[in-house]
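J.: Please find run-v4.pdb (PDB, C-alpha atoms and all ligand atoms) on the next line:
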ATOM      1  CA  MET A   1      23.993   7.112-106.085  1.00  0.00           C
ATOM      2  CA  CYS A   2      26.556   9.784-105.575  1.00  0.00           C
ATOM      3  CA  GLY A   3      26.304  13.143-103.787  1.00  0.00           C
ATOM      4  CA  VAL A   4      28.866  15.643-104.907  1.00  0.00           C
ATOM      5  CA  LEU A   5      27.692  19.229-104.753  1.00  0.00           C
ATOM      6  CA  GLN A   6      30.042  22.030-105.625  1.00  0.00           C
ATOM      7  CA  ARG A   7      30.093  24.947-103.230  1.00  0.00           C
ATOM      8  CA  GLY A   8      28.687  27.888-105.143  1.00  0.00           C
ATOM      9  CA  VAL A   9      28.354  31.552-104.357  1.00  0.00           C
ATOM     10  CA  SER A  10      24.946  31.245-102.752  1.00  0.00           C
ATOM     11  CA  PRO A  11      24.310  28.547-100.162  1.00  0.00           C
ATOM     12  CA  PRO A  12      21.982  25.641-100.939  1.00  0.00           C
ATOM     13  CA  GLU A  13      18.517  26.060 -99.488  1.00  0.00           C
ATOM     14  CA  ILE A  14      17.185  23.512 -97.043  1.00  0.00           C
ATOM     15  CA  VAL A  15      13.920  23.097 -95.201  1.00  0.00           C
ATOM     16  CA  VAL A  16      13.594  21.788 -91.660  1.00  0.00           C
ATOM     17  CA  MET A  17      10.514  19.931 -90.434  1.00  0.00           C
ATOM     18  CA  ALA A  18       9.585  19.715 -86.755  1.00  0.00           C
ATOM     19  CA  SER A  19       6.671  18.890 -84.453  1.00  0.00           C
ATOM     20  CA  GLY A  20       7.942  19.848 -81.022  1.00  0.00           C
ATOM     21  CA  ASN A  21      10.562  21.738 -79.108  1.00  0.00           C
ATOM     22  CA  GLY A  22      12.649  22.609 -82.169  1.00  0.00           C
ATOM     23  CA  SER A  23      16.068  22.561 -80.467  1.00  0.00           C
ATOM     24  CA  ASN A  24      17.643  20.768 -83.427  1.00  0.00           C
ATOM     25  CA  PHE A  25      16.051  23.264 -85.796  1.00  0.00           C
ATOM     26  CA  GLU A  26      17.620  26.092 -83.806  1.00  0.00           C
ATOM     27  CA  ALA A  27      21.026  24.364 -83.719  1.00  0.00           C
ATOM     28  CA  ILE A  28      20.891  23.998 -87.497  1.00  0.00           C
ATOM     29  CA  VAL A  29      19.983  27.651 -88.050  1.00  0.00           C
ATOM     30  CA  ARG A  30      22.741  28.786 -85.698  1.00  0.00           C
ATOM     31  CA  ALA A  31      25.275  26.569 -87.463  1.00  0.00           C
ATOM     32  CA  THR A  32      24.398  28.226 -90.791  1.00  0.00           C
ATOM     33  CA  ARG A  33      25.003  31.628 -89.208  1.00  0.00           C
ATOM     34  CA  GLU A  34      28.246  30.583 -87.569  1.00  0.00           C
ATOM     35  CA  GLY A  35      29.638  29.243 -90.835  1.00  0.00           C
ATOM     36  CA  LEU A  36      29.669  25.612 -89.687  1.00  0.00           C
ATOM     37  CA  LEU A  37      26.984  24.633 -92.163  1.00  0.00           C
ATOM     38  CA  PHE A  38      27.007  26.185 -95.612  1.00  0.00           C
ATOM     39  CA  ALA A  39      23.265  26.339 -96.252  1.00  0.00           C
ATOM     40  CA  ARG A  40      20.285  28.615 -95.801  1.00  0.00           C
ATOM     41  CA  VAL A  41      17.226  27.456 -93.898  1.00  0.00           C
ATOM     42  CA  LYS A  42      14.510  28.596 -96.273  1.00  0.00           C
ATOM     43  CA  LYS A  43      11.577  27.478 -94.172  1.00  0.00           C
ATOM     44  CA  LEU A  44      10.513  25.630 -91.059  1.00  0.00           C
ATOM     45  CA  ILE A  45       7.601  23.296 -91.728  1.00  0.00           C
ATOM     46  CA  VAL A  46       5.506  22.131 -88.768  1.00  0.00           C
ATOM     47  CA  ASP A  47       2.473  19.894 -88.559  1.00  0.00           C
ATOM     48  CA  ARG A  48       1.069  21.343 -85.334  1.00  0.00           C
ATOM     49  CA  ASP A  49       1.396  24.261 -82.925  1.00  0.00           C
ATOM     50  CA  CYS A  50       4.719  23.742 -81.212  1.00  0.00           C
ATOM     51  CA  PHE A  51       7.625  25.589 -79.633  1.00  0.00           C
ATOM     52  CA  ALA A  52       9.652  25.302 -82.848  1.00  0.00           C
ATOM     53  CA  ILE A  53       7.425  28.097 -84.240  1.00  0.00           C
ATOM     54  CA  GLU A  54       8.524  30.432 -81.434  1.00  0.00           C
ATOM     55  CA  ARG A  55      12.133  29.670 -82.238  1.00  0.00           C
ATOM     56  CA  ALA A  56      11.518  30.397 -85.932  1.00  0.00           C
ATOM     57  CA  LYS A  57       9.996  33.770 -85.042  1.00  0.00           C
ATOM     58  CA  ARG A  58      12.951  34.643 -82.805  1.00  0.00           C
ATOM     59  CA  LEU A  59      15.444  33.535 -85.421  1.00  0.00           C
ATOM     60  CA  GLY A  60      13.655  35.302 -88.263  1.00  0.00           C
ATOM     61  CA  ILE A  61      13.037  32.142 -90.267  1.00  0.00           C
ATOM     62  CA  ASP A  62       9.876  31.752 -92.378  1.00  0.00           C
ATOM     63  CA  TRP A  63       7.615  29.019 -91.101  1.00  0.00           C
ATOM     64  CA  VAL A  64       4.471  27.302 -92.247  1.00  0.00           C
ATOM     65  CA  ARG A  65       2.008  24.922 -90.629  1.00  0.00           C
ATOM     66  CA  LEU A  66       0.780  22.099 -92.847  1.00  0.00           C
ATOM     67  CA  GLU A  67      -2.895  22.147 -93.683  1.00  0.00           C
ATOM     68  CA  LYS A  68      -5.137  19.113 -93.834  1.00  0.00           C
ATOM     69  CA  PRO A  69      -4.648  16.723 -95.526  1.00  0.00           C
ATOM     70  CA  TRP A  70      -1.032  17.267 -94.457  1.00  0.00           C
ATOM     71  CA  GLN A  71       0.395  14.862 -97.041  1.00  0.00           C
ATOM     72  CA  ARG A  72      -0.989  16.855 -99.949  1.00  0.00           C
ATOM     73  CA  SER A  73      -0.015  20.133 -98.345  1.00  0.00           C
ATOM     74  CA  LEU A  74       3.555  18.844 -97.912  1.00  0.00           C
ATOM     75  CA  THR A  75       3.781  17.499-101.463  1.00  0.00           C
ATOM     76  CA  ASN A  76       2.804  20.883-102.873  1.00  0.00           C
ATOM     77  CA  LEU A  77       5.025  22.832-100.509  1.00  0.00           C
ATOM     78  CA  LEU A  78       8.155  20.826-101.288  1.00  0.00           C
ATOM     79  CA  ARG A  79       7.512  21.110-105.040  1.00  0.00           C
ATOM     80  CA  GLU A  80       7.195  24.848-104.645  1.00  0.00           C
ATOM     81  CA  LEU A  81      10.250  25.259-102.406  1.00  0.00           C
ATOM     82  CA  GLN A  82      12.547  22.826-104.254  1.00  0.00           C
ATOM     83  CA  PRO A  83      14.999  22.504-101.349  1.00  0.00           C
ATOM     84  CA  SER A  84      18.369  20.829-101.750  1.00  0.00           C
ATOM     85  CA  LEU A  85      17.629  18.833 -98.591  1.00  0.00           C
ATOM     86  CA  VAL A  86      14.629  18.173 -96.372  1.00  0.00           C
ATOM     87  CA  VAL A  87      15.799  17.865 -92.780  1.00  0.00           C
ATOM     88  CA  LEU A  88      13.513  16.115 -90.312  1.00  0.00           C
ATOM     89  CA  ALA A  89      14.200  17.346 -86.795  1.00  0.00           C
ATOM     90  CA  GLY A  90      11.653  15.784 -84.476  1.00  0.00           C
ATOM     91  CA  PHE A  91       8.928  15.601 -87.133  1.00  0.00           C
ATOM     92  CA  MET A  92       6.644  13.021 -85.585  1.00  0.00           C
ATOM     93  CA  ARG A  93       4.845  11.671 -88.628  1.00  0.00           C
ATOM     94  CA  VAL A  94       5.708   8.952 -91.100  1.00  0.00           C
ATOM     95  CA  LEU A  95       6.128  10.422 -94.569  1.00  0.00           C
ATOM     96  CA  PRO A  96       3.964   8.814 -97.262  1.00  0.00           C
ATOM     97  CA  PRO A  97       5.841   6.600 -99.778  1.00  0.00           C
ATOM     98  CA  GLU A  98       5.088   9.009-102.635  1.00  0.00           C
ATOM     99  CA  ILE A  99       6.991  11.822-100.923  1.00  0.00           C
ATOM    100  CA  VAL A 100       9.845   9.523 -99.895  1.00  0.00           C
ATOM    101  CA  ASN A 101      10.123   8.339-103.483  1.00  0.00           C
ATOM    102  CA  GLU A 102      10.021  11.818-104.987  1.00  0.00           C
ATOM    103  CA  TRP A 103      12.715  13.070-102.583  1.00  0.00           C
ATOM    104  CA  ARG A 104      14.811   9.940-102.136  1.00  0.00           C
ATOM    105  CA  TRP A 105      18.351  10.641-100.856  1.00  0.00           C
ATOM    106  CA  LYS A 106      17.233  14.188-100.106  1.00  0.00           C
ATOM    107  CA  ILE A 107      15.457  13.607 -96.792  1.00  0.00           C
ATOM    108  CA  LEU A 108      17.472  13.216 -93.593  1.00  0.00           C
ATOM    109  CA  ASN A 109      16.225  12.245 -90.145  1.00  0.00           C
ATOM    110  CA  ILE A 110      17.793  12.251 -86.713  1.00  0.00           C
ATOM    111  CA  HIS A 111      16.894   9.683 -84.101  1.00  0.00           C
ATOM    112  CA  PRO A 112      17.959   9.636 -80.431  1.00  0.00           C
ATOM    113  CA  SER A 113      19.184   6.034 -80.209  1.00  0.00           C
ATOM    114  CA  LEU A 114      21.587   3.725 -81.974  1.00  0.00           C
ATOM    115  CA  LEU A 115      19.254   2.301 -84.597  1.00  0.00           C
ATOM    116  CA  PRO A 116      17.997  -0.325 -85.170  1.00  0.00           C
ATOM    117  CA  ALA A 117      17.581  -0.304 -81.374  1.00  0.00           C
ATOM    118  CA  PHE A 118      14.608   1.643 -80.032  1.00  0.00           C
ATOM    119  CA  PRO A 119      12.946   3.041 -83.180  1.00  0.00           C
ATOM    120  CA  GLY A 120       9.768   5.132 -82.961  1.00  0.00           C
ATOM    121  CA  VAL A 121       8.742   7.484 -80.184  1.00  0.00           C
ATOM    122  CA  GLU A 122      10.358   8.014 -76.759  1.00  0.00           C
ATOM    123  CA  ALA A 123      13.578   6.288 -77.748  1.00  0.00           C
ATOM    124  CA  ILE A 124      15.675   7.885 -74.998  1.00  0.00           C
ATOM    125  CA  ARG A 125      13.294   6.796 -72.275  1.00  0.00           C
ATOM    126  CA  LYS A 126      12.983   3.291 -73.726  1.00  0.00           C
ATOM    127  CA  ALA A 127      16.771   2.885 -73.881  1.00  0.00           C
ATOM    128  CA  TYR A 128      17.146   4.231 -70.325  1.00  0.00           C
ATOM    129  CA  GLU A 129      14.467   1.945 -68.907  1.00  0.00           C
ATOM    130  CA  TYR A 130      15.884  -1.028 -70.779  1.00  0.00           C
ATOM    131  CA  GLY A 131      19.118  -0.383 -68.922  1.00  0.00           C
ATOM    132  CA  VAL A 132      21.469  -0.107 -71.884  1.00  0.00           C
ATOM    133  CA  LYS A 133      25.090   0.765 -71.085  1.00  0.00           C
ATOM    134  CA  VAL A 134      25.635   2.413 -74.468  1.00  0.00           C
ATOM    135  CA  THR A 135      23.170   4.418 -76.520  1.00  0.00           C
ATOM    136  CA  GLY A 136      23.576   7.384 -78.875  1.00  0.00           C
ATOM    137  CA  ILE A 137      22.231   9.115 -81.952  1.00  0.00           C
ATOM    138  CA  THR A 138      21.617   8.077 -85.543  1.00  0.00           C
ATOM    139  CA  ILE A 139      21.326  10.270 -88.625  1.00  0.00           C
ATOM    140  CA  HIS A 140      19.939   8.498 -91.654  1.00  0.00           C
ATOM    141  CA  PHE A 141      18.311   8.915 -95.037  1.00  0.00           C
ATOM    142  CA  VAL A 142      14.559   8.477 -94.888  1.00  0.00           C
ATOM    143  CA  ASP A 143      12.969   5.477 -96.554  1.00  0.00           C
ATOM    144  CA  GLU A 144       9.429   4.132 -96.380  1.00  0.00           C
ATOM    145  CA  GLY A 145       9.793   2.619 -92.900  1.00  0.00           C
ATOM    146  CA  VAL A 146       9.865   4.078 -89.407  1.00  0.00           C
ATOM    147  CA  ASP A 147      13.507   4.977 -88.615  1.00  0.00           C
ATOM    148  CA  THR A 148      14.748   2.293 -91.013  1.00  0.00           C
ATOM    149  CA  GLY A 149      16.595   4.261 -93.725  1.00  0.00           C
ATOM    150  CA  PRO A 150      20.282   3.838 -94.622  1.00  0.00           C
ATOM    151  CA  ILE A 151      22.500   5.124 -91.819  1.00  0.00           C
ATOM    152  CA  ILE A 152      24.785   8.074 -92.554  1.00  0.00           C
ATOM    153  CA  PHE A 153      26.230   8.655 -89.099  1.00  0.00           C
ATOM    154  CA  GLN A 154      26.042   7.338 -85.557  1.00  0.00           C
ATOM    155  CA  LYS A 155      27.620   8.507 -82.339  1.00  0.00           C
ATOM    156  CA  ALA A 156      27.678   6.329 -79.267  1.00  0.00           C
ATOM    157  CA  LEU A 157      27.384   7.509 -75.687  1.00  0.00           C
ATOM    158  CA  GLU A 158      28.131   5.521 -72.537  1.00  0.00           C
ATOM    159  CA  VAL A 159      25.347   5.741 -69.995  1.00  0.00           C
ATOM    160  CA  ARG A 160      26.763   6.490 -66.563  1.00  0.00           C
ATOM    161  CA  ASN A 161      25.196   4.754 -63.581  1.00  0.00           C
ATOM    162  CA  GLU A 162      24.593   8.038 -61.783  1.00  0.00           C
ATOM    163  CA  TRP A 163      22.603   9.630 -64.636  1.00  0.00           C
ATOM    164  CA  ASP A 164      18.859   9.961 -64.363  1.00  0.00           C
ATOM    165  CA  LEU A 165      16.687  10.076 -67.471  1.00  0.00           C
ATOM    166  CA  GLU A 166      16.896  13.850 -67.727  1.00  0.00           C
ATOM    167  CA  GLU A 167      20.688  13.809 -67.695  1.00  0.00           C
ATOM    168  CA  LEU A 168      20.744  11.176 -70.414  1.00  0.00           C
ATOM    169  CA  GLU A 169      18.324  13.291 -72.484  1.00  0.00           C
ATOM    170  CA  ASN A 170      20.565  16.331 -72.090  1.00  0.00           C
ATOM    171  CA  HIS A 171      23.640  14.414 -73.232  1.00  0.00           C
ATOM    172  CA  ILE A 172      21.780  12.970 -76.224  1.00  0.00           C
ATOM    173  CA  HIS A 173      20.516  16.404 -77.284  1.00  0.00           C
ATOM    174  CA  GLU A 174      24.029  17.835 -76.968  1.00  0.00           C
ATOM    175  CA  LEU A 175      25.260  15.195 -79.400  1.00  0.00           C
ATOM    176  CA  GLU A 176      22.369  15.894 -81.763  1.00  0.00           C
ATOM    177  CA  HIS A 177      23.029  19.628 -81.814  1.00  0.00           C
ATOM    178  CA  ARG A 178      26.758  19.123 -82.357  1.00  0.00           C
ATOM    179  CA  TYR A 179      26.583  16.538 -85.110  1.00  0.00           C
ATOM    180  CA  TYR A 180      23.389  17.133 -87.126  1.00  0.00           C
ATOM    181  CA  PRO A 181      24.674  20.380 -88.705  1.00  0.00           C
ATOM    182  CA  ARG A 182      27.994  18.709 -89.571  1.00  0.00           C
ATOM    183  CA  VAL A 183      26.301  15.755 -91.210  1.00  0.00           C
ATOM    184  CA  ILE A 184      23.958  18.026 -93.175  1.00  0.00           C
ATOM    185  CA  HIS A 185      27.000  19.952 -94.385  1.00  0.00           C
ATOM    186  CA  ALA A 186      28.772  16.742 -95.399  1.00  0.00           C
ATOM    187  CA  VAL A 187      25.743  15.439 -97.312  1.00  0.00           C
ATOM    188  CA  LEU A 188      25.304  18.768 -99.109  1.00  0.00           C
ATOM    189  CA  HIS A 189      28.938  19.423 -99.935  1.00  0.00           C
ATOM    190  CA  GLY A 190      30.861  16.209 -99.479  1.00  0.00           C
ATOM    191  CA  THR A 191      31.322  13.064-101.490  1.00  0.00           C
ATOM    192  CA  TRP A 192      29.205  10.074-100.660  1.00  0.00           C
ATOM    193  CA  ARG A 193      27.776   7.014-102.306  1.00  0.00           C
ATOM    194  CA  ILE A 194      25.400   4.195-101.510  1.00  0.00           C
ATOM    195  CA  GLU A 195      26.438   0.540-101.591  1.00  0.00           C
ATOM    196  CA  GLY A 196      23.409  -1.584-100.772  1.00  0.00           C
ATOM    197  CA  ARG A 197      22.280  -0.179 -97.441  1.00  0.00           C
ATOM    198  CA  ARG A 198      25.698   1.252 -96.638  1.00  0.00           C
ATOM    199  CA  VAL A 199      26.254   4.988 -96.952  1.00  0.00           C
ATOM    200  CA  ILE A 200      29.914   5.672 -97.680  1.00  0.00           C
ATOM    201  CA  LEU A 201      30.710   9.219 -96.637  1.00  0.00           C
ATOM    202  CA  GLU A 202      34.227  10.377 -97.471  1.00  0.00           C
ATOM    203  CA  GLU A 203      34.286  13.125 -94.817  1.00  0.00           C
ATOM    204  CA  ASP A 204      35.317  12.396 -91.266  1.00  0.00           C
ATOM    205  CA  ILE A 205      32.514  13.905 -89.190  1.00  0.00           C
ATOM    206  CA  GLY A 206      34.392  13.396 -85.904  1.00  0.00           C
TER     207      GLY A 206
HETATM  208  C1  LIG B   1      15.088  14.716 -81.046  1.00  0.00           C
HETATM  209  O1  LIG B   1      15.668  14.065 -79.939  1.00  0.00           O
HETATM  210  C2  LIG B   1      15.022  13.786 -82.224  1.00  0.00           C
HETATM  211  O2  LIG B   1      16.095  12.894 -82.287  1.00  0.00           O
HETATM  212  C3  LIG B   1      13.735  13.052 -81.960  1.00  0.00           C
HETATM  213  O3  LIG B   1      12.857  14.051 -81.527  1.00  0.00           O
HETATM  214  C4  LIG B   1      13.599  15.008 -80.779  1.00  0.00           C
HETATM  215  C5  LIG B   1      13.215  16.386 -81.252  1.00  0.00           C
HETATM  216  O4  LIG B   1      13.778  17.366 -80.417  1.00  0.00           O
HETATM  217  N1  LIG B   1      13.255  12.383 -83.140  1.00  0.00           N
HETATM  218  C6  LIG B   1      12.685  11.171 -83.117  1.00  0.00           C
HETATM  219  O5  LIG B   1      12.456  10.559 -82.104  1.00  0.00           O
HETATM  220  C7  LIG B   1      12.338  10.620 -84.487  1.00  0.00           C
HETATM  221  N2  LIG B   1      11.924   9.256 -84.405  1.00  0.00           N
HETATM  222  P1  LIG B   1      13.764  18.881 -80.858  1.00  0.00           P
HETATM  223  O6  LIG B   1      12.322  19.203 -81.292  1.00  0.00           O
HETATM  224  O7  LIG B   1      14.171  19.654 -79.650  1.00  0.00           O
HETATM  225  O8  LIG B   1      14.728  19.040 -82.000  1.00  0.00           O
END
Kindly transcribe the structure held in the file into structure tokens.
T.:
Amino acid sequence: MCGVLQRGVSPPEIVVMASGNGSNFEAIVRATREGLLFARVKKLIVDRDCFAIERAKRLGIDWVRLEKPWQRSLTNLLRELQPSLVVLAGFMRVLPPEIVNEWRWKILNIHPSLLPAFPGVEAIRKAYEYGVKVTGITIHFVDEGVDTGPIIFQKALEVRNEWDLEELENHIHELEHRYYPRVIHAVLHGTWRIEGRRVILEEDIG
């Protein structure tokens, strides 16, 4: 599998999916407007009422809330939108295997720990309470499991003794907002290939 996309006149269209605060969604939209990420966020997809919708309204991005059954609604929506990438940004549901299969290598997820440590929900809190000295963020392709897909990028962060949980959360989110747009750009426009589970990305993300 190889991902080489030529930069054209119009930017590739991506969709972002969220369930909560939407800070990563906003960081991605801002990066497209600041020229750091050559893409257009065509739509925000949410599965519930959440603050991400407010951000979409403020940013002037189209948004849609999935109807029940959400899996069917999402299948139809993605077929209609035909995005170049589906970007999960705090979307707190496991995608059904049919969708993963249809969009394989086109769905990215961000997770606030160094996977495979602390998958699932509340990863920052779990890592903090476990007492890890190093944690970080992981950006990966989505497969059928929960936070198990091939890893594209990780960034480690040393946990200082004086930090409380909130400070650790802030540092993790800073990393997410800085690196997710760059990784999306690299996947859309860079050269990469898959060897087994290993994602070989030619670009140096930093
Ligand atoms: C982010 O920290 C993201 O890594 C995490 O949800 C948060 C969403 O924040 N995702 C997961 O835990 C996925 N397993 P946001 O809504 O402010 O972007």
J.: Taking the file as I've supplied it (selection: the PyMOL selection byres (((chain A and resi 6-23) around 7) and not hetatm)), which residues are included? Please answer as JSON, numbers by chain.
T.: {"A": [4, 5, 24, 25, 26, 27, 38, 39, 40, 41, 42, 43, 44, 45, 46, 47, 48, 50, 51, 52, 83, 84, 85, 86, 87, 88, 89, 90, 91, 92, 189]}
J.: Which residues fall under the PyMOL selection byres (((chain A and resi 111) around 9) and not hetatm) in this file, as a PDB file with C-alpha atoms, keeping the file's coordinate frame?
T.:
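The resulting selection-v6.pdb:
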ATOM      1  CA  ALA A  89      14.200  17.346 -86.795  1.00  0.00           C
ATOM      2  CA  GLY A  90      11.653  15.784 -84.476  1.00  0.00           C
ATOM      3  CA  ASN A 109      16.225  12.245 -90.145  1.00  0.00           C
ATOM      4  CA  ILE A 110      17.793  12.251 -86.713  1.00  0.00           C
ATOM      5  CA  PRO A 112      17.959   9.636 -80.431  1.00  0.00           C
ATOM      6  CA  SER A 113      19.184   6.034 -80.209  1.00  0.00           C
ATOM      7  CA  LEU A 114      21.587   3.725 -81.974  1.00  0.00           C
ATOM      8  CA  LEU A 115      19.254   2.301 -84.597  1.00  0.00           C
ATOM      9  CA  PRO A 119      12.946   3.041 -83.180  1.00  0.00           C
ATOM     10  CA  GLY A 120       9.768   5.132 -82.961  1.00  0.00           C
ATOM     11  CA  ALA A 123      13.578   6.288 -77.748  1.00  0.00           C
ATOM     12  CA  GLY A 136      23.576   7.384 -78.875  1.00  0.00           C
ATOM     13  CA  ILE A 137      22.231   9.115 -81.952  1.00  0.00           C
ATOM     14  CA  THR A 138      21.617   8.077 -85.543  1.00  0.00           C
ATOM     15  CA  ILE A 139      21.326  10.270 -88.625  1.00  0.00           C
ATOM     16  CA  HIS A 140      19.939   8.498 -91.654  1.00  0.00           C
ATOM     17  CA  ASP A 147      13.507   4.977 -88.615  1.00  0.00           C
ATOM     18  CA  GLU A 176      22.369  15.894 -81.763  1.00  0.00           C
TER      19      GLU A 176
END
J.: Within 8 Å of Glu158 of chain A, counting only C-alpha atoms, which residues show up once you throw out same-chain ones fewer than 4 positions away? Write them as a list of chain:residue names, please.
T.: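 Neighbouring residues, sequence-local ones excluded: A:Lys133, A:Val134, A:Thr135.
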J.: Using Å and a single decimal, report how far atom CA of Ile184 of chain A sits from atom CA of Val132 of chain A.
T.: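 Separating atom CA of Val132 of chain A from atom CA of Ile184 of chain A is a distance of 28.1 Å.
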J.: Can you pull out every residue within 10 Å of segment 96-104 of chain A, counting all atoms listed in the file, but drop anything in the same chain fewer than 2 positions away, and send it as a compact mmCIF listing (two decimals) with C-alpha atoms, keeping the file's coordinate frame?
T.:
# COMPACT_ATOMS: atom_id res chain seq x y z
CA GLN A 71 0.40 14.86 -97.04
CA ARG A 72 -0.99 16.86 -99.95
CA LEU A 74 3.56 18.84 -97.91
CA THR A 75 3.78 17.50 -101.46
CA LEU A 78 8.15 20.83 -101.29
CA ARG A 79 7.51 21.11 -105.04
CA GLN A 82 12.55 22.83 -104.25
CA PRO A 83 15.00 22.50 -101.35
CA SER A 84 18.37 20.83 -101.75
CA LEU A 85 17.63 18.83 -98.59
CA VAL A 86 14.63 18.17 -96.37
CA ARG A 93 4.84 11.67 -88.63
CA VAL A 94 5.71 8.95 -91.10
CA LYS A 106 17.23 14.19 -100.11
CA ILE A 107 15.46 13.61 -96.79
CA LEU A 108 17.47 13.22 -93.59
CA PHE A 141 18.31 8.91 -95.04
CA VAL A 142 14.56 8.48 -94.89
CA ASP A 143 12.97 5.48 -96.55
CA GLU A 144 9.43 4.13 -96.38
CA GLY A 145 9.79 2.62 -92.90
J.: Would you please work out which residue, of A:Asp62, A:Glu80, A:Glu129, A:Glu122, is nearest to ligand LIG 1 (chain B) when using only C-alpha atoms and all ligand atoms?
T.: A:Glu122
J.: To one decimal in Å, tell me the separation between atom CA of His185 of chain A and atom C6 of ligand LIG 1 (chain B).
T.: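 Separation between atom CA of His185 of chain A and atom C6 of ligand LIG 1 (chain B): 20.2 Å.
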J.: Calculated over only C-alpha atoms and all ligand atoms, which of the candidates A:Glu67, A:Gly131, A:Val29, A:Glu34 has the smallest distance to ligand LIG 1 (chain B)?
T.: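 Answer, going by the shortest atom-to-atom distance: A:Val29.
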J.: Which residue, A:Gly35, A:Gly190, A:Gly206, A:Pro116, has the smallest gap to ligand LIG 1 (chain B) when you use only C-alpha atoms and all ligand atoms?
T.: A:Pro116
J.: Quick one: segment 89-94 of chain A with all heavy atoms, as a short mmCIF file (atom, residue, chain, number, x, y, z; two decimals), in the first residue's frame?
T.:
data_model
loop_
_atom_site.label_atom_id
_atom_site.label_comp_id
_atom_site.auth_asym_id
_atom_site.auth_seq_id
_atom_site.Cartn_x
_atom_site.Cartn_y
_atom_site.Cartn_z
N ALA A 89 -11.45 12.49 15.61
CA ALA A 89 -10.86 13.43 16.57
C ALA A 89 -11.73 13.40 17.82
O ALA A 89 -12.60 14.24 18.01
CB ALA A 89 -10.79 14.83 15.96
N GLY A 90 -11.52 12.37 18.63
CA GLY A 90 -12.35 12.21 19.82
C GLY A 90 -13.72 11.66 19.48
O GLY A 90 -14.71 12.00 20.15
N PHE A 91 -13.80 10.81 18.46
CA PHE A 91 -15.07 10.14 18.12
C PHE A 91 -15.13 8.87 18.96
O PHE A 91 -14.31 7.96 18.78
CB PHE A 91 -15.13 9.80 16.63
CG PHE A 91 -16.46 9.23 16.20
CD1 PHE A 91 -17.58 10.03 16.13
CD2 PHE A 91 -16.58 7.88 15.88
CE1 PHE A 91 -18.82 9.50 15.74
CE2 PHE A 91 -17.80 7.35 15.48
CZ PHE A 91 -18.92 8.17 15.41
N MET A 92 -16.05 8.84 19.91
CA MET A 92 -16.02 7.82 20.94
C MET A 92 -16.90 6.61 20.63
O MET A 92 -17.65 6.14 21.50
CB MET A 92 -16.37 8.44 22.29
CG MET A 92 -15.31 9.41 22.77
SD MET A 92 -13.64 8.69 22.64
CE MET A 92 -12.74 9.72 23.78
N ARG A 93 -16.79 6.12 19.42
CA ARG A 93 -17.48 4.88 19.05
C ARG A 93 -16.53 4.04 18.23
O ARG A 93 -15.67 4.59 17.54
CB ARG A 93 -18.72 5.15 18.22
CG ARG A 93 -19.87 5.74 19.01
CD ARG A 93 -21.04 5.93 18.09
NE ARG A 93 -22.07 6.75 18.70
CZ ARG A 93 -23.12 6.26 19.35
NH1 ARG A 93 -23.26 4.95 19.49
NH2 ARG A 93 -24.01 7.06 19.86
N VAL A 94 -16.73 2.73 18.29
CA VAL A 94 -15.91 1.82 17.49
C VAL A 94 -16.59 1.67 16.13
O VAL A 94 -17.78 1.33 16.06
CB VAL A 94 -15.78 0.45 18.19
CG1 VAL A 94 -14.93 -0.50 17.34
CG2 VAL A 94 -15.16 0.63 19.57
#
